[in-house]
Amino acid sequence: MDLKQVYREIVNEHNLHPGHKEPLMRPAVERRGYNPTCGDDITLQLSYDDAGRIREVAFTGEGCAVSQASTDIMLDMIEGKSKEEALGIVESFMQMIRGTADEEQIEALDEAAALQDIAHMPARVKCATLSWYTLEKILSGEEG
Amino acid sequence: MDISQIRRDFPILADESYIYFDNAATSQRPRQVTEAVERFYQTTNANPLRGLYEWSIGATDAYEGAREKVAAFLHAKDPSEIIFVRNATEAINLVAYSWALGNIKEGEEIVLSVTEHHSNILPWQMVAQQKGAKLVYLEPDEEGQIPESEFAKITEKTALVAIGMVSNVLGTENPVKRLAALAHEKGALLLTDAAQAAPHQEIDVTQLDVDFLALSGHKMLAPFGIGVLYGKKSILENMSPFLRGGEMIEYVTRQDATYAELPHKFEAGTVNAAGAVGLAAAIDYLTDIGFDEIRRQELALTQALVSGMKETGHIRVYGSPDPAKHHGIVTFNIEGCHPHDVSSILDAEKICIRAGHHCAQPLMQFLKVGSTARASVYFYNTMEETERFIAALPKVRSTLGYMD
């Protein structure tokens, strides 16, 4: 496959100029996602409003362009969403990676759909999914 | 040496669209090696060391012949000082379990270098934790060389110096002979991890006066799964076995056993005879070419890589500015580009390089980088390949959206 399908403008833009790579003053939750084989190391931070909706989002850490962009895109998408809505987005993303998402889901994934082709790169797919798995663990209330 | 002639010995290199620059991870194998393995299986395959019939005797001869070849290659005094293991990692673990746990006492020190591969760190962390010993690290300078002032860390408290001969990240060589002398002065032993040295240079364990040496066959043209531990006979004789089971005993009763003589005491279970035969063929191949020729070609390639990277710009090369001190290893980072992206983008150009921490995280912390990219050459690589590699490097930043 053509690598340019992965390093598209959307991905490069989010990697070079991430919108959310600024730690929160008072995060309600924080969770680190780490991939020991490649060293991608990302910490997500969220805060919620009184209604339980995701109010602020941020990440810190180091990683490749794919992991950085995937994280920034994900945070763009869940800002202002309820936990259930955010979990739905995560589920659609995972289905897209597994190749089981329908057209409607992929369309709803908006910029995250730019990462669709990473599914065909076994060496890199974990770069794209690291932050999504980490978010899923936060939202589903998993300890640790 | 005629590179195109040599490349014809390596079937995998026939497809010249690929550039294999990950030789520090594992080398490619010439047909002389794979054919020696095949010939063993096709003509004399049997379980060696035990059978009393012709094929088993043939297998034993092939296996023990390989041991003699390795002993001569390393200039060991006696073939019984050569223990076949799976790889350098297993060799080092053997020493950790069979020598260190029995000999290192609470409060004693194990001296390592920050540049070590994890395989020469983790076994000693285990020993230190179990015995209450302490790990002491020699700190390299910016170029990866250990300054003489650091040698003072080898003291009366030192029980063992465990040091790589050549760093798998920076390619720098440590003064193993000097360190062995210093260790012996203080009554300590020295183990050297020669996994990155053995493919590139002649090693003389007697002249170096090391107590233990570990190497992996797969980095020097041999099959996967065969490696070597060299140990001085007087030390090996007083060590307890590492693994216990078949083919390493003298006499067994229900409650007790006595163990076989060296080297079989350390080779429990059915051995990798075909692997040893492959290693012997690899040694023949390397000896035929000669290490002078091998180093000459590697140096030319390394020079081309280092100067090409410098001209490309936005690239930082780690280690010495002198290509001769790299042993074919060029570790680098491209400004603003994560090494995994670098490797993926070069992969699209059919260029194989390594990216990551190279199993040397303490060194990455020392260099203050999360990870790096590494191109490593061997004697069968060509100047055309280095040119194509250098020409591909600007694509990394452009693919990632930099305008330069």
# chains A, B, ... in the order shown; residues from 1 in each chain; ligands from 1

$ residues_around --residues "segment 91-102 of chain B" --least-positions-apart "2" --cutoff "7 Å" --atoms "only C-alpha atoms" --output "list in words"
Val85, Asn87, Ala88, Thr89, Ile104, Asn120, Pro123, Trp124, Val127, Ala214, Val228, Leu229, Met239, Ser240, Pro241 and Phe242 of chain B

$ residues_around --residues "Leu135 of chain A" --least-positions-apart "2" --cutoff "12 Å" --atoms "only C-alpha atoms" --output "ChimeraX atom specification"
/A:29-33,42-46,54,57-59,70-71,74-75,78,83,86-91,93-94,129-133,137-142

$ interface_residues --of "chain A" --to "chain B" --cutoff "12 Å" --atoms "only C-alpha atoms" --output "PyMOL selection string"
chain A and resi 1-17+35-41+61-69+118+121-127

$ closest_residue --among "B:Tyr41, B:Glu311, B:Tyr380, B:Val330" --to "Gln5 of chain B" --atoms "only C-alpha atoms"
B:Tyr380

$ closest_residue --among "B:Glu150, B:Glu247, B:Glu185, B:Glu139" --to "Pro48 of chain B" --atoms "only C-alpha atoms"
B:Glu247

$ select_by_dssp --residues "segment 66-105 of chain B" --states "strand (DSSP E)" --output "mmCIF file with N, CA and C atoms, in the first residue's frame"
data_model
loop_
_atom_site.group_PDB
_atom_site.id
_atom_site.type_symbol
_atom_site.label_atom_id
_atom_site.label_comp_id
_atom_site.auth_asym_id
_atom_site.auth_seq_id
_atom_site.Cartn_x
_atom_site.Cartn_y
_atom_site.Cartn_z
ATOM 1 N N ILE B 82 34.507 -24.322 25.294
ATOM 2 C CA ILE B 82 33.450 -23.819 24.414
ATOM 3 C C ILE B 82 32.152 -24.537 24.744
ATOM 4 N N ILE B 83 31.173 -23.780 25.243
ATOM 5 C CA ILE B 83 29.856 -24.335 25.576
ATOM 6 C C ILE B 83 28.879 -23.825 24.518
ATOM 7 N N PHE B 84 28.168 -24.738 23.866
ATOM 8 C CA PHE B 84 27.147 -24.303 22.911
ATOM 9 C C PHE B 84 25.857 -23.977 23.656
ATOM 10 N N VAL B 85 25.313 -22.814 23.332
ATOM 11 C CA VAL B 85 24.060 -22.349 23.926
ATOM 12 C C VAL B 85 23.180 -21.837 22.784
#

$ select_by_dssp --residues "chain A" --states "helix (DSSP H, G or I)" --output "NGL selection string"
:A and (3-5 or 9-16 or 65-78 or 83-98 or 103-108 or 110-120 or 125-139)
